[in-house]
file work05.cif (mmCIF, C-alpha atoms (C1' of nucleotides))
data_start
loop_
_atom_site.group_PDB
_atom_site.id
_atom_site.type_symbol
_atom_site.label_atom_id
_atom_site.label_comp_id
_atom_site.auth_asym_id
_atom_site.auth_seq_id
_atom_site.Cartn_x
_atom_site.Cartn_y
_atom_site.Cartn_z
ATOM 1 C CA MET K 262 -66.902 43.150 -149.256
ATOM 2 C CA ARG K 263 -66.246 44.587 -145.857
ATOM 3 C CA ARG K 264 -63.109 43.204 -144.323
ATOM 4 C CA ASP K 265 -62.345 44.164 -140.787
ATOM 5 C CA VAL K 266 -61.331 42.351 -137.648
ATOM 6 C CA PHE K 267 -64.782 42.534 -136.077
ATOM 7 C CA GLN K 268 -66.172 40.824 -139.123
ATOM 8 C CA ALA K 269 -63.354 38.308 -139.250
ATOM 9 C CA ILE K 270 -63.804 37.021 -135.730
ATOM 10 C CA ALA K 271 -67.573 36.972 -136.013
ATOM 11 C CA ASP K 272 -67.427 33.560 -137.641
ATOM 12 C CA PRO K 273 -66.995 30.671 -135.201
ATOM 13 C CA THR K 274 -64.963 28.589 -137.620
ATOM 14 C CA ARG K 275 -62.522 31.428 -138.037
ATOM 15 C CA ARG K 276 -62.218 31.796 -134.290
ATOM 16 C CA ASP K 277 -61.531 28.074 -134.085
ATOM 17 C CA ILE K 278 -58.834 28.420 -136.704
ATOM 18 C CA ILE K 279 -57.195 31.148 -134.684
ATOM 19 C CA ASN K 280 -57.458 28.992 -131.585
ATOM 20 C CA LEU K 281 -55.808 26.184 -133.425
ATOM 21 C CA ILE K 282 -52.790 28.033 -134.711
ATOM 22 C CA ALA K 283 -52.387 30.619 -131.984
ATOM 23 C CA TYR K 284 -49.419 28.904 -130.405
ATOM 24 C CA LYS K 285 -48.169 26.689 -133.207
ATOM 25 C CA PRO K 286 -48.268 27.478 -136.916
ATOM 26 C CA LEU K 287 -49.793 24.817 -139.113
ATOM 27 C CA ASN K 288 -50.006 24.291 -142.801
ATOM 28 C CA LEU K 289 -53.363 24.569 -144.450
ATOM 29 C CA ASN K 290 -54.182 20.905 -144.764
ATOM 30 C CA SER K 291 -53.361 20.260 -141.147
ATOM 31 C CA ILE K 292 -55.727 23.016 -140.201
ATOM 32 C CA ALA K 293 -58.447 21.671 -142.452
ATOM 33 C CA ASP K 294 -58.068 18.233 -140.866
ATOM 34 C CA ASN K 295 -59.488 19.673 -137.683
ATOM 35 C CA PHE K 296 -62.748 20.741 -139.254
ATOM 36 C CA GLU K 297 -65.736 19.107 -140.798
ATOM 37 C CA VAL K 298 -65.857 21.446 -143.744
ATOM 38 C CA SER K 299 -63.859 21.050 -146.910
ATOM 39 C CA ARG K 300 -60.326 22.265 -147.471
ATOM 40 C CA PRO K 301 -61.386 25.048 -149.855
ATOM 41 C CA ALA K 302 -63.778 26.324 -147.218
ATOM 42 C CA ILE K 303 -60.922 26.574 -144.764
ATOM 43 C CA SER K 304 -58.756 28.114 -147.433
ATOM 44 C CA GLN K 305 -61.315 30.856 -147.877
ATOM 45 C CA HIS K 306 -61.498 31.500 -144.160
ATOM 46 C CA ILE K 307 -57.736 31.732 -144.035
ATOM 47 C CA LYS K 308 -57.820 34.210 -146.868
ATOM 48 C CA ILE K 309 -60.191 36.435 -144.935
ATOM 49 C CA LEU K 310 -58.062 36.178 -141.815
ATOM 50 C CA MET K 311 -55.025 37.118 -143.862
ATOM 51 C CA GLU K 312 -56.757 40.062 -145.457
ATOM 52 C CA CYS K 313 -57.296 41.652 -142.102
ATOM 53 C CA GLY K 314 -53.885 40.768 -140.848
ATOM 54 C CA LEU K 315 -54.733 38.132 -138.272
ATOM 55 C CA ILE K 316 -52.727 35.480 -140.066
ATOM 56 C CA GLU K 317 -49.496 35.406 -141.985
ATOM 57 C CA MET K 318 -48.398 32.736 -144.431
ATOM 58 C CA LYS K 319 -44.901 31.376 -144.557
ATOM 59 C CA LYS K 320 -44.325 29.489 -147.750
ATOM 60 C CA GLN K 321 -42.185 26.471 -147.110
ATOM 61 C CA GLY K 322 -41.744 24.223 -150.097
ATOM 62 C CA ARG K 323 -45.177 23.343 -151.307
ATOM 63 C CA GLU K 324 -46.673 23.911 -147.911
ATOM 64 C CA ARG K 325 -48.026 27.144 -146.520
ATOM 65 C CA TYR K 326 -47.671 27.587 -142.819
ATOM 66 C CA CYS K 327 -50.282 29.797 -141.249
ATOM 67 C CA GLU K 328 -49.123 31.796 -138.306
ATOM 68 C CA ALA K 329 -51.403 33.811 -136.068
ATOM 69 C CA LYS K 330 -50.605 37.505 -135.892
ATOM 70 C CA LEU K 331 -53.090 38.701 -133.367
ATOM 71 C CA GLU K 332 -52.020 42.313 -133.026
ATOM 72 C CA GLN K 333 -55.101 43.344 -134.921
ATOM 73 C CA LEU K 334 -57.243 42.075 -132.097
ATOM 74 C CA HIS K 335 -56.145 45.242 -130.422
ATOM 75 C CA GLU K 336 -58.803 47.110 -132.339
ATOM 76 C CA VAL K 337 -61.561 44.965 -130.887
ATOM 77 C CA SER K 338 -60.002 44.961 -127.481
ATOM 78 C CA GLN K 339 -59.829 48.733 -127.456
ATOM 79 C CA TRP K 340 -63.398 49.130 -128.481
ATOM 80 C CA ILE K 341 -64.527 46.926 -125.641
ATOM 81 C CA GLU K 342 -62.073 48.404 -123.184
ATOM 82 C CA GLN K 343 -63.646 51.827 -123.377
ATOM 83 C CA TYR K 344 -66.816 50.396 -121.875
ATOM 84 C CA ARG K 345 -65.226 48.147 -119.365
ATOM 85 C CA LYS K 346 -66.063 50.272 -116.381
ATOM 86 C CA LEU K 347 -69.708 49.809 -117.278
ATOM 87 C CA TRP K 348 -69.593 46.098 -116.547
ATOM 88 C CA ALA K 349 -66.189 44.786 -115.610
ATOM 89 C CA ASP K 350 -66.374 44.617 -111.836
ATOM 90 C CA LYS K 351 -69.140 42.130 -112.192
ATOM 91 C CA PHE K 352 -66.565 39.700 -113.503
ATOM 92 C CA ASP K 353 -63.057 40.636 -112.553
ATOM 93 C CA ARG K 354 -60.771 43.322 -111.234
ATOM 94 C CA MET K 355 -59.792 44.684 -114.591
ATOM 95 C CA ASP K 356 -61.375 48.058 -114.099
ATOM 96 C CA ASP K 357 -59.366 48.674 -110.974
ATOM 97 C CA ILE K 358 -56.312 47.786 -112.954
ATOM 98 C CA LEU K 359 -57.265 50.230 -115.656
ATOM 99 C CA GLU K 360 -57.691 52.960 -113.086
ATOM 100 C CA GLU K 361 -54.223 52.232 -111.820
ATOM 101 C CA LEU K 362 -52.925 52.361 -115.345
ATOM 102 C CA LYS K 363 -54.372 55.787 -115.898
ATOM 103 C CA ASN K 364 -52.896 57.161 -112.716
ATOM 104 C CA ALA K 365 -49.525 55.508 -112.925
ATOM 105 C CA PRO K 366 -46.808 56.754 -115.259
ATOM 106 C CA PRO K 367 -46.117 54.536 -118.283
ATOM 107 C CA LYS K 368 -43.562 51.844 -117.682
ATOM 108 C CA SER K 369 -41.736 51.079 -120.886
ATOM 109 C CA SER K 370 -43.444 53.078 -123.585
ATOM 110 C CA PRO K 371 -41.735 55.938 -125.438
ATOM 111 C CA GLU K 372 -43.763 58.499 -127.356
ATOM 112 C CA GLY K 373 -46.284 57.963 -130.096
ATOM 113 C CA ARG K 374 -49.119 56.711 -127.979
ATOM 114 C CA THR K 375 -52.188 58.688 -127.068
ATOM 115 C CA GLN K 376 -53.978 56.021 -125.184
ATOM 116 C CA ASN K 377 -56.094 56.841 -122.166
ATOM 117 C CA ASN K 378 -56.556 60.508 -122.806
ATOM 118 C CA ALA K 379 -60.165 60.884 -123.827
ATOM 119 C CA ASN K 380 -62.397 59.253 -121.293
ATOM 120 C CA LYS K 381 -65.509 61.253 -120.928
ATOM 121 C CA ALA K 382 -67.481 59.322 -118.359
ATOM 122 C CA MET I 182 -79.994 32.694 -137.656
ATOM 123 C CA ARG I 183 -76.956 32.716 -135.445
ATOM 124 C CA ARG I 184 -77.202 35.202 -132.630
ATOM 125 C CA ASP I 185 -74.162 35.778 -130.519
ATOM 126 C CA VAL I 186 -72.206 38.761 -129.298
ATOM 127 C CA PHE I 187 -69.401 38.318 -131.807
ATOM 128 C CA GLN I 188 -71.941 38.477 -134.566
ATOM 129 C CA ALA I 189 -73.794 41.374 -132.985
ATOM 130 C CA ILE I 190 -70.795 43.667 -132.784
ATOM 131 C CA ALA I 191 -69.566 42.713 -136.229
ATOM 132 C CA ASP I 192 -71.869 45.261 -137.786
ATOM 133 C CA PRO I 193 -70.550 48.833 -137.671
ATOM 134 C CA THR I 194 -73.992 50.356 -137.346
ATOM 135 C CA ARG I 195 -74.681 48.227 -134.313
ATOM 136 C CA ARG I 196 -71.400 49.269 -132.775
ATOM 137 C CA ASP I 197 -72.351 52.870 -133.398
ATOM 138 C CA ILE I 198 -75.673 52.300 -131.685
ATOM 139 C CA ILE I 199 -73.883 50.921 -128.669
ATOM 140 C CA ASN I 200 -71.548 53.874 -128.724
ATOM 141 C CA LEU I 201 -74.484 56.193 -128.798
ATOM 142 C CA ILE I 202 -76.395 54.788 -125.868
ATOM 143 C CA ALA I 203 -73.535 53.469 -123.777
ATOM 144 C CA TYR I 204 -73.704 56.298 -121.275
ATOM 145 C CA LYS I 205 -77.193 57.634 -121.791
ATOM 146 C CA PRO I 206 -80.269 55.603 -122.747
ATOM 147 C CA LEU I 207 -82.230 56.898 -125.697
ATOM 148 C CA ASN I 208 -85.551 56.041 -127.199
ATOM 149 C CA LEU I 209 -85.598 54.418 -130.579
ATOM 150 C CA ASN I 210 -86.417 57.439 -132.698
ATOM 151 C CA SER I 211 -83.679 59.470 -131.072
ATOM 152 C CA ILE I 212 -81.264 56.720 -131.911
ATOM 153 C CA ALA I 213 -82.493 56.508 -135.477
ATOM 154 C CA ASP I 214 -82.032 60.273 -135.872
ATOM 155 C CA ASN I 215 -78.311 59.718 -135.652
ATOM 156 C CA PHE I 216 -78.158 57.426 -138.644
ATOM 157 C CA GLU I 217 -78.729 57.642 -142.337
ATOM 158 C CA VAL I 218 -80.766 54.495 -142.518
ATOM 159 C CA SER I 219 -84.455 54.245 -141.824
ATOM 160 C CA ARG I 220 -86.093 53.789 -138.448
ATOM 161 C CA PRO I 221 -87.121 50.172 -139.133
ATOM 162 C CA ALA I 222 -83.536 49.370 -140.009
ATOM 163 C CA ILE I 223 -82.435 50.678 -136.627
ATOM 164 C CA SER I 224 -85.298 48.870 -134.980
ATOM 165 C CA GLN I 225 -84.029 45.613 -136.426
ATOM 166 C CA HIS I 226 -80.512 46.278 -135.236
ATOM 167 C CA ILE I 227 -81.841 47.024 -131.773
ATOM 168 C CA LYS I 228 -83.736 43.761 -131.843
ATOM 169 C CA ILE I 229 -80.558 41.847 -132.573
ATOM 170 C CA LEU I 230 -78.682 43.676 -129.835
ATOM 171 C CA MET I 231 -81.487 42.830 -127.442
ATOM 172 C CA GLU I 232 -81.532 39.201 -128.417
ATOM 173 C CA CYS I 233 -77.949 38.788 -127.334
ATOM 174 C CA GLY I 234 -78.408 40.846 -124.226
ATOM 175 C CA LEU I 235 -76.401 43.923 -125.130
ATOM 176 C CA ILE I 236 -79.418 46.203 -124.829
ATOM 177 C CA GLU I 237 -82.420 46.379 -122.571
ATOM 178 C CA MET I 238 -85.640 48.231 -123.278
ATOM 179 C CA LYS I 239 -87.463 50.258 -120.691
ATOM 180 C CA LYS I 240 -90.980 50.997 -121.818
ATOM 181 C CA GLN I 241 -91.948 54.479 -120.791
ATOM 182 C CA GLY I 242 -95.296 55.603 -122.092
ATOM 183 C CA ARG I 243 -95.216 55.160 -125.819
ATOM 184 C CA GLU I 244 -91.468 55.436 -125.898
ATOM 185 C CA ARG I 245 -88.964 52.639 -125.553
ATOM 186 C CA TYR I 246 -85.715 53.613 -123.966
ATOM 187 C CA CYS I 247 -82.771 51.518 -125.011
ATOM 188 C CA GLU I 248 -80.140 51.015 -122.388
ATOM 189 C CA ALA I 249 -76.784 49.398 -123.021
ATOM 190 C CA LYS I 250 -76.079 46.307 -120.955
ATOM 191 C CA LEU I 251 -72.571 45.499 -121.962
ATOM 192 C CA GLU I 252 -71.840 42.602 -119.653
ATOM 193 C CA GLN I 253 -72.059 40.264 -122.603
ATOM 194 C CA LEU I 254 -68.985 41.898 -124.076
ATOM 195 C CA HIS I 255 -67.185 39.878 -121.484
ATOM 196 C CA GLU I 256 -67.364 36.885 -123.770
ATOM 197 C CA VAL I 257 -65.503 38.677 -126.522
ATOM 198 C CA SER I 258 -63.102 40.229 -124.105
ATOM 199 C CA GLN I 259 -62.249 36.866 -122.612
ATOM 200 C CA TRP I 260 -61.654 35.305 -125.961
ATOM 201 C CA ILE I 261 -59.198 38.021 -126.859
ATOM 202 C CA GLU I 262 -57.655 38.114 -123.428
ATOM 203 C CA GLN I 263 -56.368 34.569 -123.687
ATOM 204 C CA TYR I 264 -54.119 35.633 -126.550
ATOM 205 C CA ARG I 265 -53.072 38.937 -125.143
ATOM 206 C CA LYS I 266 -49.574 37.872 -124.240
ATOM 207 C CA LEU I 267 -49.040 37.096 -127.889
ATOM 208 C CA TRP I 268 -49.320 40.723 -128.854
ATOM 209 C CA ALA I 269 -50.167 43.037 -126.015
ATOM 210 C CA ASP I 270 -46.798 44.434 -125.064
ATOM 211 C CA LYS I 271 -46.582 45.949 -128.465
ATOM 212 C CA PHE I 272 -49.373 48.272 -127.384
ATOM 213 C CA ASP I 273 -49.694 48.505 -123.650
ATOM 214 C CA ARG I 274 -48.741 47.026 -120.322
ATOM 215 C CA MET I 275 -51.761 44.803 -119.991
ATOM 216 C CA ASP I 276 -49.877 41.565 -120.104
ATOM 217 C CA ASP I 277 -47.700 42.600 -117.203
ATOM 218 C CA ILE I 278 -50.844 43.422 -115.332
ATOM 219 C CA LEU I 279 -52.288 40.045 -116.112
ATOM 220 C CA GLU I 280 -49.164 38.376 -114.835
ATOM 221 C CA GLU I 281 -49.494 40.296 -111.620
ATOM 222 C CA LEU I 282 -53.099 39.251 -111.372
ATOM 223 C CA LYS I 283 -52.194 35.611 -111.625
ATOM 224 C CA ASN I 284 -49.535 35.836 -108.957
ATOM 225 C CA ALA I 285 -51.343 38.118 -106.560
ATOM 226 C CA PRO I 286 -54.140 36.890 -104.315
ATOM 227 C CA PRO I 287 -57.638 38.016 -105.327
ATOM 228 C CA LYS I 288 -58.642 41.381 -103.904
ATOM 229 C CA SER I 289 -62.369 41.489 -103.334
ATOM 230 C CA SER I 290 -63.707 38.310 -104.827
ATOM 231 C CA PRO I 291 -65.203 35.500 -102.760
ATOM 232 C CA GLU I 292 -65.734 32.062 -104.193
ATOM 233 C CA GLY I 293 -67.541 31.063 -107.340
ATOM 234 C CA ARG I 294 -64.979 32.274 -109.820
ATOM 235 C CA THR I 295 -62.503 30.111 -111.619
ATOM 236 C CA GLN I 296 -60.832 32.726 -113.695
ATOM 237 C CA ASN I 297 -57.136 32.581 -114.427
ATOM 238 C CA ASN I 298 -56.545 28.954 -113.687
ATOM 239 C CA ALA I 299 -55.995 27.347 -117.063
ATOM 240 C CA ASN I 300 -53.304 29.167 -118.920
ATOM 241 C CA LYS I 301 -51.257 26.708 -120.848
ATOM 242 C CA ALA I 302 -48.752 28.876 -122.655
ATOM 243 C "C1'" DA J 1484 -113.253 61.566 -130.934
ATOM 244 C "C1'" DT J 1485 -109.532 62.572 -134.107
ATOM 245 C "C1'" DA J 1486 -105.048 63.228 -135.228
ATOM 246 C "C1'" DA J 1487 -100.278 62.781 -134.364
ATOM 247 C "C1'" DT J 1488 -96.400 60.255 -132.531
ATOM 248 C "C1'" DA J 1489 -93.507 56.083 -131.135
ATOM 249 C "C1'" DG J 1490 -92.304 51.973 -132.684
ATOM 250 C "C1'" DG J 1491 -92.932 46.881 -133.970
ATOM 251 C "C1'" DT J 1492 -93.001 43.826 -137.949
ATOM 252 C "C1'" DA J 1493 -94.007 41.607 -142.487
ATOM 253 C "C1'" DA J 1494 -92.718 41.385 -147.385
ATOM 254 C "C1'" DG J 1495 -89.584 42.013 -150.878
ATOM 255 C "C1'" DC J 1496 -85.031 42.752 -152.738
ATOM 256 C "C1'" DA J 1497 -80.014 43.114 -153.573
ATOM 257 C "C1'" DT J 1498 -75.911 41.692 -151.616
ATOM 258 C "C1'" DT J 1499 -72.967 38.961 -148.860
ATOM 259 C "C1'" DC J 1500 -71.673 34.599 -146.635
ATOM 260 C "C1'" DG J 1501 -70.257 30.005 -146.200
ATOM 261 C "C1'" DC J 1502 -70.109 26.027 -148.463
ATOM 262 C "C1'" DT J 1503 -69.468 22.667 -152.226
ATOM 263 C "C1'" DT J 1504 -67.446 20.660 -156.524
ATOM 264 C "C1'" DA J 1505 -64.269 21.218 -160.140
ATOM 265 C "C1'" DC J 1506 -60.229 22.597 -161.920
ATOM 266 C "C1'" DG J 1507 -55.458 24.437 -162.126
ATOM 267 C "C1'" DC J 1508 -50.608 24.791 -160.902
ATOM 268 C "C1'" DA J 1509 -46.260 24.243 -158.317
ATOM 269 C "C1'" DA J 1510 -43.402 21.380 -155.368
ATOM 270 C "C1'" DA J 1511 -42.225 16.756 -153.921
ATOM 271 C "C1'" DT J 1512 -42.153 11.604 -154.764
ATOM 272 C "C1'" DT J 1513 -41.593 7.632 -157.386
ATOM 273 C "C1'" DA B 148 -41.173 11.638 -166.836
ATOM 274 C "C1'" DA B 149 -45.242 10.571 -164.421
ATOM 275 C "C1'" DT B 150 -47.724 10.821 -160.261
ATOM 276 C "C1'" DT B 151 -48.898 12.514 -155.958
ATOM 277 C "C1'" DT B 152 -49.465 16.159 -152.657
ATOM 278 C "C1'" DG B 153 -50.507 20.973 -151.104
ATOM 279 C "C1'" DC B 154 -53.186 24.612 -152.027
ATOM 280 C "C1'" DG B 155 -55.417 28.549 -154.555
ATOM 281 C "C1'" DT B 156 -59.563 29.887 -156.886
ATOM 282 C "C1'" DA B 157 -63.645 30.079 -159.947
ATOM 283 C "C1'" DA B 158 -68.543 28.893 -160.360
ATOM 284 C "C1'" DG B 159 -72.731 27.923 -158.403
ATOM 285 C "C1'" DC B 160 -76.011 27.558 -154.712
ATOM 286 C "C1'" DG B 161 -78.870 28.105 -150.500
ATOM 287 C "C1'" DA B 162 -79.103 30.851 -146.546
ATOM 288 C "C1'" DA B 163 -78.332 34.959 -144.021
ATOM 289 C "C1'" DT B 164 -77.891 40.075 -143.838
ATOM 290 C "C1'" DG B 165 -79.232 44.733 -144.191
ATOM 291 C "C1'" DC B 166 -82.156 47.655 -146.146
ATOM 292 C "C1'" DT B 167 -86.577 49.595 -147.856
ATOM 293 C "C1'" DT B 168 -91.669 50.452 -148.065
ATOM 294 C "C1'" DA B 169 -96.002 49.486 -146.194
ATOM 295 C "C1'" DC B 170 -98.903 48.581 -142.630
ATOM 296 C "C1'" DC B 171 -100.255 47.852 -137.834
ATOM 297 C "C1'" DT B 172 -101.038 48.761 -132.817
ATOM 298 C "C1'" DA B 173 -100.412 51.602 -128.730
ATOM 299 C "C1'" DT B 174 -99.903 55.979 -126.402
ATOM 300 C "C1'" DT B 175 -100.276 61.059 -126.367
ATOM 301 C "C1'" DA B 176 -101.969 65.503 -127.960
ATOM 302 C "C1'" DT B 177 -105.679 68.460 -129.796
#

call {"tool": "encode", "arguments": {"input": "work05.cif", "output": "structure tokens"}}
result
Amino acid sequence: MRRDVFQAIADPTRRDIINLIAYKPLNLNSIADNFEVSRPAISQHIKILMECGLIEMKKQGRERYCEAKLEQLHEVSQWIEQYRKLWADKFDRMDDILEELKNAPPKSSPEGRTQNNANKA
Amino acid sequence: MRRDVFQAIADPTRRDIINLIAYKPLNLNSIADNFEVSRPAISQHIKILMECGLIEMKKQGRERYCEAKLEQLHEVSQWIEQYRKLWADKFDRMDDILEELKNAPPKSSPEGRTQNNANKA
DNA sequence: ATAATAGGTAAGCATTCGCTTACGCAAATT
DNA sequence: AATTTGCGTAAGCGAATGCTTACCTATTAT
């Protein structure tokens, strides 16, 4: 039972769930109302999303509010980011921006980050 | 048989394959040499990566060189990007950059792109 | 021509996935 | 107290996944 963010967002229903609660937490039944599949199916998706940290549950009476905690997307983002220069300028200016980032001093970040240090291309 | 980029990069072996050939194309056996699993297993992974456009094959004699074509990662990147402001500043300055992008006029892009127009948060 | 090499693909198999129905329990309603 | 509502989870099932072995066709080497 692999459980990582890449796996979690591979399922379209789970991405839709994230879409749905990204900006406003919802309880489980409200989420399930937006889908064709059964409530238990949604419940299982939510469980997976929780297990890799993309969702947090706030218990409130008998309801469970699901709140998106998308920090973990960073892992995916980073993996893609390392290749961005191989394709990005076809779509946007992001690679220029990244170049700037590498050359400019950090703005508001203390220690503890070893970000753009190993870039071997 | 769903076949999309999210699904394709969900498998760690496939991500490793991409890693391996991102900067230098390799033929299939050379790729397979880097993994524990059998050559056919790798061949099947390559097939999947090809089917969603992340890899192209250049036939060269009896060898097939696999070349990474990572443009399709854009789809994943975009999906994540829309939520970046919900978490990014915990890790880097990207959200500031995105704000700048929205306010600044485009640098080297003509028409035909409707990028950062709908951002409802 | 024969053998070796590169690699595609089918068949089979164990495991995982996504879903359903069924059931259970706690909180809220009546 | 009894019922309803919200939700977790087990069991079961078909389909998909990832792997293997076996076999096949092309290209290259001898």

call {"tool": "interface_residues", "arguments": {"input": "work05.cif", "of": "chain K", "to": "chain J", "cutoff": "9 Å", "atoms": "all atoms listed in the file", "output": "list in words"}}
result
Met262, Val298, Ser299, Pro301, Ala302, Gly322, Arg323 and Glu324 of chain K

call {"tool": "interface_residues", "arguments": {"input": "work05.cif", "of": "chain B", "to": "chain I", "cutoff": "7 Å", "atoms": "all atoms listed in the file", "output": "PDB file with C-alpha atoms (C1' of nucleotides), keeping the file's coordinate frame"}}
result
ATOM      1  C1'  DA B 163     -78.332  34.959-144.021  1.00  0.00           C
ATOM      2  C1'  DC B 166     -82.156  47.655-146.146  1.00  0.00           C
ATOM      3  C1'  DA B 173    -100.412  51.602-128.730  1.00  0.00           C
ATOM      4  C1'  DT B 174     -99.903  55.979-126.402  1.00  0.00           C
TER       5       DT B 174
END

call {"tool": "closest_atom_pairs", "arguments": {"input": "work05.cif", "of": "chain K", "to": "chain I", "cutoff": "6 Å", "atoms": "all atoms listed in the file", "output": "Markdown table"}}
result
| residue | atom | partner | partner_atom | distance |
| --- | --- | --- | --- | --- |
| K:Phe267 | CA | I:Ala191 | CA | 4.8 |
| K:Gln268 | CA | I:Ala191 | CA | 4.8 |
| K:Ala271 | CA | I:Phe187 | CA | 4.8 |
| K:Glu332 | CA | I:Trp268 | CA | 5.2 |
| K:Trp348 | CA | I:Glu252 | CA | 5.2 |

call {"tool": "atom_distance", "arguments": {"input": "work05.cif", "atom1": "CA of Arg220 (chain I)", "atom2": "CA of Leu235 (chain I)"}}
result
19.2 Å

call {"tool": "atom_distance", "arguments": {"input": "work05.cif", "atom1": "CA of Ile198 (chain I)", "atom2": "CA of Phe216 (chain I)"}}
result
9.0 Å

call {"tool": "residues_around", "arguments": {"input": "work05.cif", "residues": "Arg325 (chain K)", "least_positions_apart": "3", "cutoff": "7 Å", "atoms": "all atoms listed in the file", "output": "number ranges by chain"}}
result
K: 288-289, 318-321

call {"tool": "atom_distance", "arguments": {"input": "work05.cif", "atom1": "CA of Ala213 (chain I)", "atom2": "CA of Arg184 (chain I)"}}
result
22.1 Å
